[in-house]
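See below for the structure under consideration.
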Amino acid sequence: MRFKITLIATNLKSVIPINYQYPVSAAIYKVIRNADQEYARFLHDAGYTQANSLKSFKLFTFSDIRTPFTISGDRLRLTTRQAALEVCFHLPTAAEHFIKGLFQQQQFDIADSKSKSRFEVSSVESLPDPLRGYRDTEIVSISLEPKSPVVAGLPNESGNYDFLDPADPRFTESLVYNWRSKIAACYDQETAAGALLIADSLSKKTPPKSRLITIKADTPAETKIRGWVNFDLKATAEKRFADLLLNAGAGVYNSQGMGCVGVAEI
């Protein structure tokens, strides 16, 4: 399920970090924790885990913030009080009103060690399900476009990722591997192993653009990751697995706002 959240800044000239993804993720956790501590603790501490694996998934993601701004060093200076973002959760449809209610009339603090801006949630809009007319096991082919950078990588000897770009054939291989792992966490290994999953990256008229994002900036846990936007991703799978990709995100670092995708074409 997907929601458009409209925010109104409490101050006319708000400033947020250029690397706002981790603070926004923390703000989402805070909203959930204030309403449902058990669910928030599950997301933060455990998540959805594959059998016989230490890997877990939060199964939510969010888009880039959409608002006019100017760049000043490592800050974004908003030129209007209104901002919007999409937040996606892979949860049963019955939970839609519960999740929607969590965010209504809430506050978002987007802050780090250098600045803090407070936003009020102005509205929470449920977005239509683009695959609603399909049966769960029906094969669908969809064209997706990133709403936030898609991060794909291969683990290296130091325990970090070597990040891949959409022109590298290993880029989509990595996305499919991660997608299959999420299916295993939601269903089981047998279902994941037998799932038909096809992904192809398609360039637009202009080349894909990379973006370097810093997670937990200016802390001992600081991590730099590289994601890509401005390309299309053609995905083919059963409707239920395509839903998972749409709701939980493509690639890695989804709960940090990476890999949020939307349907461009079916």
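Residue names in the structure tokens use chain letters A, B, ... in the order shown, residue numbers from 1 in each chain, and ligand numbers from 1 in the order shown.
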Residues near A:Pro92, anyone? I mean within 12 Å using only C-alpha atoms, not counting same-chain ones fewer than 6 positions away, as a ChimeraX atom specification.
/A:1-2,98-99,186,240,243-244,247
Any chance you could export the current selection's C-alpha atoms as a PDB file, in the first residue's frame?
```
ATOM      1  CA  MET A   1       0.000   0.000   0.000  1.00  0.00           C
ATOM      2  CA  ARG A   2       1.134   3.486  -0.859  1.00  0.00           C
ATOM      3  CA  PHE A  98      -4.648   1.706  10.502  1.00  0.00           C
ATOM      4  CA  ILE A  99      -1.515   2.972   8.720  1.00  0.00           C
ATOM      5  CA  CYS A 186       7.373 -13.135   3.148  1.00  0.00           C
ATOM      6  CA  ARG A 240       1.666 -10.685  -5.691  1.00  0.00           C
ATOM      7  CA  ASP A 243       3.136  -5.829  -5.368  1.00  0.00           C
ATOM      8  CA  LEU A 244       6.027  -6.686  -3.063  1.00  0.00           C
ATOM      9  CA  ASN A 247       5.454  -1.759  -1.695  1.00  0.00           C
TER      10      ASN A 247
END
```
Can you list every residue in stretch 21-143 of chain A that DSSP puts in strand (DSSP E), as a PyMOL selection string?
chain A and resi 48-49+56-57+60-62+69-72+75-78+82-89+107-111+116-126+139-143
Hey, can you spit out that residue selection with C-alpha atoms as a CSV table (one decimal), in the first residue's frame?
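So part.csv came out as:
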```
chain,number,residue,atom,x,y,z
A,48,TYR,CA,10.9,-10.0,8.1
A,49,THR,CA,13.6,-12.6,8.2
A,56,SER,CA,15.9,-9.3,7.4
A,57,PHE,CA,13.8,-6.7,5.6
A,60,PHE,CA,8.7,-0.3,3.6
A,61,THR,CA,10.3,2.5,1.7
A,62,PHE,CA,9.6,6.2,0.8
A,69,PHE,CA,14.5,24.3,-2.7
A,70,THR,CA,17.9,25.9,-3.1
A,71,ILE,CA,21.2,24.2,-2.1
A,72,SER,CA,23.4,25.8,0.5
A,75,ARG,CA,21.6,22.0,3.4
A,76,LEU,CA,18.4,22.3,1.4
A,77,ARG,CA,16.7,25.6,2.0
A,78,LEU,CA,13.0,25.2,1.2
A,82,GLN,CA,4.7,22.6,1.6
A,83,ALA,CA,6.4,19.3,0.9
A,84,ALA,CA,5.2,15.9,-0.1
A,85,LEU,CA,6.5,12.3,-0.2
A,86,GLU,CA,5.2,8.8,-0.8
A,87,VAL,CA,5.5,6.2,1.9
A,88,CYS,CA,5.0,2.5,1.0
A,89,PHE,CA,4.3,-0.5,3.2
A,107,GLN,CA,4.5,16.0,13.4
A,108,PHE,CA,7.7,15.2,11.4
A,109,ASP,CA,11.0,16.5,12.7
A,110,ILE,CA,13.7,16.3,10.0
A,111,ALA,CA,16.8,16.9,11.9
A,116,LYS,CA,16.1,20.8,12.7
A,117,SER,CA,12.8,21.6,10.9
A,118,ARG,CA,9.4,20.6,12.1
A,119,PHE,CA,6.5,19.7,9.8
A,120,GLU,CA,2.9,19.1,10.4
A,121,VAL,CA,1.1,16.3,8.5
A,122,SER,CA,-1.4,18.2,6.4
A,123,SER,CA,-3.0,15.2,4.6
A,124,VAL,CA,-2.6,11.5,4.1
A,125,GLU,CA,-3.9,10.2,0.8
A,126,SER,CA,-4.2,6.5,-0.1
A,139,ILE,CA,1.8,-12.8,-14.6
A,140,VAL,CA,2.1,-9.0,-15.2
A,141,SER,CA,4.8,-7.0,-16.9
A,142,ILE,CA,5.2,-3.4,-15.6
A,143,SER,CA,7.5,-0.5,-16.5
```
Excluding A:Leu164 and any residue of its chain fewer than 3 positions from it, enumerate the residues within 12 Å of it, using only C-alpha atoms, and give them as a PDB file with N, CA and C atoms, in the first residue's frame.
```pdb
ATOM      1  N   VAL A 150      17.742   4.037  -6.776  1.00  0.00           N
ATOM      2  CA  VAL A 150      17.784   2.583  -6.648  1.00  0.00           C
ATOM      3  C   VAL A 150      19.236   2.163  -6.428  1.00  0.00           C
ATOM      4  N   VAL A 151      19.469   1.435  -5.342  1.00  0.00           N
ATOM      5  CA  VAL A 151      20.827   1.023  -4.973  1.00  0.00           C
ATOM      6  C   VAL A 151      20.967  -0.477  -5.182  1.00  0.00           C
ATOM      7  N   ALA A 152      21.928  -0.867  -6.002  1.00  0.00           N
ATOM      8  CA  ALA A 152      22.241  -2.280  -6.228  1.00  0.00           C
ATOM      9  C   ALA A 152      23.739  -2.465  -6.034  1.00  0.00           C
ATOM     10  N   GLY A 153      24.131  -3.558  -5.396  1.00  0.00           N
ATOM     11  CA  GLY A 153      25.554  -3.753  -5.155  1.00  0.00           C
ATOM     12  C   GLY A 153      25.898  -5.191  -4.852  1.00  0.00           C
ATOM     13  N   LEU A 154      27.189  -5.459  -4.924  1.00  0.00           N
ATOM     14  CA  LEU A 154      27.721  -6.771  -4.582  1.00  0.00           C
ATOM     15  C   LEU A 154      28.567  -6.640  -3.331  1.00  0.00           C
ATOM     16  N   PRO A 155      28.369  -7.495  -2.325  1.00  0.00           N
ATOM     17  CA  PRO A 155      29.196  -7.433  -1.107  1.00  0.00           C
ATOM     18  C   PRO A 155      30.667  -7.657  -1.453  1.00  0.00           C
ATOM     19  N   TYR A 161      29.450  -2.694   0.135  1.00  0.00           N
ATOM     20  CA  TYR A 161      28.983  -2.988  -1.213  1.00  0.00           C
ATOM     21  C   TYR A 161      29.870  -2.322  -2.259  1.00  0.00           C
ATOM     22  N   ALA A 167      23.786   0.192 -16.376  1.00  0.00           N
ATOM     23  CA  ALA A 167      24.362  -0.350 -17.605  1.00  0.00           C
ATOM     24  C   ALA A 167      25.072  -1.683 -17.362  1.00  0.00           C
ATOM     25  N   ASP A 168      25.366  -1.991 -16.118  1.00  0.00           N
ATOM     26  CA  ASP A 168      26.038  -3.237 -15.763  1.00  0.00           C
ATOM     27  C   ASP A 168      24.994  -4.350 -15.671  1.00  0.00           C
ATOM     28  N   PRO A 169      25.160  -5.467 -16.397  1.00  0.00           N
ATOM     29  CA  PRO A 169      24.160  -6.543 -16.321  1.00  0.00           C
ATOM     30  C   PRO A 169      23.978  -7.095 -14.912  1.00  0.00           C
ATOM     31  N   ARG A 170      24.982  -6.915 -14.050  1.00  0.00           N
ATOM     32  CA  ARG A 170      24.859  -7.387 -12.677  1.00  0.00           C
ATOM     33  C   ARG A 170      23.903  -6.516 -11.855  1.00  0.00           C
ATOM     34  N   PHE A 171      23.587  -5.324 -12.379  1.00  0.00           N
ATOM     35  CA  PHE A 171      22.659  -4.423 -11.688  1.00  0.00           C
ATOM     36  C   PHE A 171      21.297  -5.096 -11.526  1.00  0.00           C
ATOM     37  N   THR A 172      20.709  -5.557 -12.629  1.00  0.00           N
ATOM     38  CA  THR A 172      19.392  -6.204 -12.537  1.00  0.00           C
ATOM     39  C   THR A 172      19.498  -7.575 -11.878  1.00  0.00           C
ATOM     40  N   GLU A 173      20.644  -8.263 -12.052  1.00  0.00           N
ATOM     41  CA  GLU A 173      20.834  -9.538 -11.358  1.00  0.00           C
ATOM     42  C   GLU A 173      20.772  -9.326  -9.838  1.00  0.00           C
ATOM     43  N   SER A 174      21.395  -8.236  -9.377  1.00  0.00           N
ATOM     44  CA  SER A 174      21.381  -7.923  -7.947  1.00  0.00           C
ATOM     45  C   SER A 174      19.975  -7.576  -7.477  1.00  0.00           C
ATOM     46  N   LEU A 175      19.231  -6.820  -8.303  1.00  0.00           N
ATOM     47  CA  LEU A 175      17.859  -6.470  -7.934  1.00  0.00           C
ATOM     48  C   LEU A 175      16.984  -7.707  -7.820  1.00  0.00           C
ATOM     49  N   SER A 210      23.434   9.245 -11.316  1.00  0.00           N
ATOM     50  CA  SER A 210      23.775   8.665 -10.021  1.00  0.00           C
ATOM     51  C   SER A 210      23.705   9.730  -8.938  1.00  0.00           C
ATOM     52  N   ILE A 225      26.398   5.606   0.178  1.00  0.00           N
ATOM     53  CA  ILE A 225      25.855   4.672  -0.789  1.00  0.00           C
ATOM     54  C   ILE A 225      25.565   5.411  -2.099  1.00  0.00           C
ATOM     55  N   ARG A 226      25.562   4.667  -3.201  1.00  0.00           N
ATOM     56  CA  ARG A 226      25.311   5.296  -4.500  1.00  0.00           C
ATOM     57  C   ARG A 226      24.097   4.644  -5.151  1.00  0.00           C
ATOM     58  N   GLY A 227      23.132   5.477  -5.512  1.00  0.00           N
ATOM     59  CA  GLY A 227      21.930   4.996  -6.172  1.00  0.00           C
ATOM     60  C   GLY A 227      21.727   5.695  -7.499  1.00  0.00           C
ATOM     61  N   TRP A 228      20.735   5.212  -8.253  1.00  0.00           N
ATOM     62  CA  TRP A 228      20.517   5.693  -9.615  1.00  0.00           C
ATOM     63  C   TRP A 228      19.059   6.046  -9.849  1.00  0.00           C
ATOM     64  N   GLY A 251      16.035  -3.203  -4.784  1.00  0.00           N
ATOM     65  CA  GLY A 251      17.413  -3.076  -4.322  1.00  0.00           C
ATOM     66  C   GLY A 251      17.528  -3.066  -2.808  1.00  0.00           C
ATOM     67  N   VAL A 252      18.556  -2.387  -2.324  1.00  0.00           N
ATOM     68  CA  VAL A 252      18.863  -2.391  -0.891  1.00  0.00           C
ATOM     69  C   VAL A 252      18.668  -0.996  -0.291  1.00  0.00           C
TER      70      VAL A 252
END
```
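In terms of minimum interatomic distance to A:Glu96, A:Leu127 ranks closest within A:Leu127, A:Met258, A:Ala26, A:Ile16, counting only C-alpha atoms.
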Could you jot down the atom CA of A:Thr80 to atom CA of A:Gly101 separation for me, Å, one decimal place?
25.9 Å
Would you please give, as number ranges by chain, all residues of stretch 44-220 of chain A that DSSP assigns to alpha helix (DSSP H) based on the backbone?
A: 96-103, 169-186, 189-194
Those selected residues, please, written with N, CA and C atoms and delivered as a compact mmCIF listing (two decimals), in the first residue's frame.
```
# COMPACT_ATOMS: atom_id res chain seq x y z
N GLU A 96 -4.80 -0.76 5.81
CA GLU A 96 -4.69 0.56 5.20
C GLU A 96 -5.19 1.67 6.11
N HIS A 97 -6.37 1.50 6.70
CA HIS A 97 -6.92 2.55 7.55
C HIS A 97 -6.09 2.73 8.81
N PHE A 98 -5.52 1.62 9.33
CA PHE A 98 -4.65 1.71 10.50
C PHE A 98 -3.41 2.55 10.20
N ILE A 99 -2.73 2.23 9.08
CA ILE A 99 -1.52 2.97 8.72
C ILE A 99 -1.84 4.43 8.42
N LYS A 100 -2.92 4.65 7.68
CA LYS A 100 -3.32 6.02 7.34
C LYS A 100 -3.57 6.83 8.61
N GLY A 101 -4.22 6.20 9.58
CA GLY A 101 -4.51 6.88 10.82
C GLY A 101 -3.27 7.22 11.64
N LEU A 102 -2.21 6.40 11.48
CA LEU A 102 -0.98 6.66 12.23
C LEU A 102 -0.41 8.03 11.90
N PHE A 103 -0.52 8.43 10.62
CA PHE A 103 0.18 9.63 10.16
C PHE A 103 -0.67 10.88 10.23
N PRO A 169 25.16 -5.47 -16.40
CA PRO A 169 24.16 -6.54 -16.32
C PRO A 169 23.98 -7.10 -14.91
N ARG A 170 24.98 -6.92 -14.05
CA ARG A 170 24.86 -7.39 -12.68
C ARG A 170 23.90 -6.52 -11.86
N PHE A 171 23.59 -5.32 -12.38
CA PHE A 171 22.66 -4.42 -11.69
C PHE A 171 21.30 -5.10 -11.53
N THR A 172 20.71 -5.56 -12.63
CA THR A 172 19.39 -6.20 -12.54
C THR A 172 19.50 -7.58 -11.88
N GLU A 173 20.64 -8.26 -12.05
CA GLU A 173 20.83 -9.54 -11.36
C GLU A 173 20.77 -9.33 -9.84
N SER A 174 21.40 -8.24 -9.38
CA SER A 174 21.38 -7.92 -7.95
C SER A 174 19.98 -7.58 -7.48
N LEU A 175 19.23 -6.82 -8.30
CA LEU A 175 17.86 -6.47 -7.93
C LEU A 175 16.98 -7.71 -7.82
N VAL A 176 17.13 -8.64 -8.77
CA VAL A 176 16.33 -9.86 -8.74
C VAL A 176 16.71 -10.71 -7.53
N TYR A 177 18.00 -10.80 -7.22
CA TYR A 177 18.45 -11.58 -6.06
C TYR A 177 17.81 -11.02 -4.78
N ASN A 178 17.82 -9.69 -4.64
CA ASN A 178 17.23 -9.06 -3.46
C ASN A 178 15.71 -9.26 -3.43
N TRP A 179 15.08 -9.14 -4.58
CA TRP A 179 13.64 -9.33 -4.72
C TRP A 179 13.26 -10.76 -4.30
N ARG A 180 14.04 -11.74 -4.76
CA ARG A 180 13.76 -13.14 -4.41
C ARG A 180 13.95 -13.36 -2.92
N SER A 181 14.94 -12.72 -2.33
CA SER A 181 15.16 -12.84 -0.88
C SER A 181 13.98 -12.29 -0.09
N LYS A 182 13.38 -11.21 -0.57
CA LYS A 182 12.20 -10.65 0.10
C LYS A 182 11.02 -11.61 0.00
N ILE A 183 10.88 -12.25 -1.15
CA ILE A 183 9.81 -13.24 -1.31
C ILE A 183 10.01 -14.38 -0.32
N ALA A 184 11.25 -14.84 -0.16
CA ALA A 184 11.54 -15.90 0.80
C ALA A 184 11.16 -15.48 2.22
N ALA A 185 11.41 -14.21 2.55
CA ALA A 185 11.09 -13.71 3.89
C ALA A 185 9.57 -13.61 4.10
N CYS A 186 8.83 -13.29 3.03
CA CYS A 186 7.37 -13.14 3.15
C CYS A 186 6.63 -14.46 3.01
N GLN A 189 11.21 -20.36 1.19
CA GLN A 189 12.30 -20.54 0.24
C GLN A 189 11.82 -21.21 -1.05
N GLU A 190 10.92 -22.18 -0.91
CA GLU A 190 10.45 -22.91 -2.10
C GLU A 190 9.69 -21.98 -3.04
N THR A 191 8.83 -21.15 -2.48
CA THR A 191 8.09 -20.18 -3.30
C THR A 191 9.03 -19.22 -3.98
N ALA A 192 10.03 -18.74 -3.23
CA ALA A 192 11.00 -17.79 -3.79
C ALA A 192 11.82 -18.42 -4.91
N ALA A 193 12.25 -19.66 -4.68
CA ALA A 193 13.10 -20.33 -5.68
C ALA A 193 12.34 -20.57 -6.98
N GLY A 194 11.02 -20.82 -6.90
CA GLY A 194 10.25 -21.11 -8.10
C GLY A 194 9.61 -19.90 -8.75
```
Show me, as an mmCIF file with C-alpha atoms, in the first residue's frame, the residues that have an atom within 7 Å of A:Ser201 when counting only C-alpha atoms, minus same-chain residues fewer than 6 positions from it.
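Generated output (around-v3.cif):
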```cif
data_model
loop_
_atom_site.group_PDB
_atom_site.id
_atom_site.type_symbol
_atom_site.label_atom_id
_atom_site.label_comp_id
_atom_site.auth_asym_id
_atom_site.auth_seq_id
_atom_site.Cartn_x
_atom_site.Cartn_y
_atom_site.Cartn_z
ATOM 1 C CA PRO A 166 22.102 0.281 -14.597
ATOM 2 C CA THR A 172 19.392 -6.204 -12.537
ATOM 3 C CA PHE A 231 15.915 5.074 -15.955
ATOM 4 C CA ASP A 232 13.041 2.632 -16.405
ATOM 5 C CA LEU A 233 12.927 -0.856 -14.945
ATOM 6 C CA LYS A 234 10.863 -3.468 -16.790
#
```
Between A:Arg81, A:Lys224, A:Arg66, A:His90, smallest distance to A:Asn160 by only C-alpha atoms belongs to A:Lys224
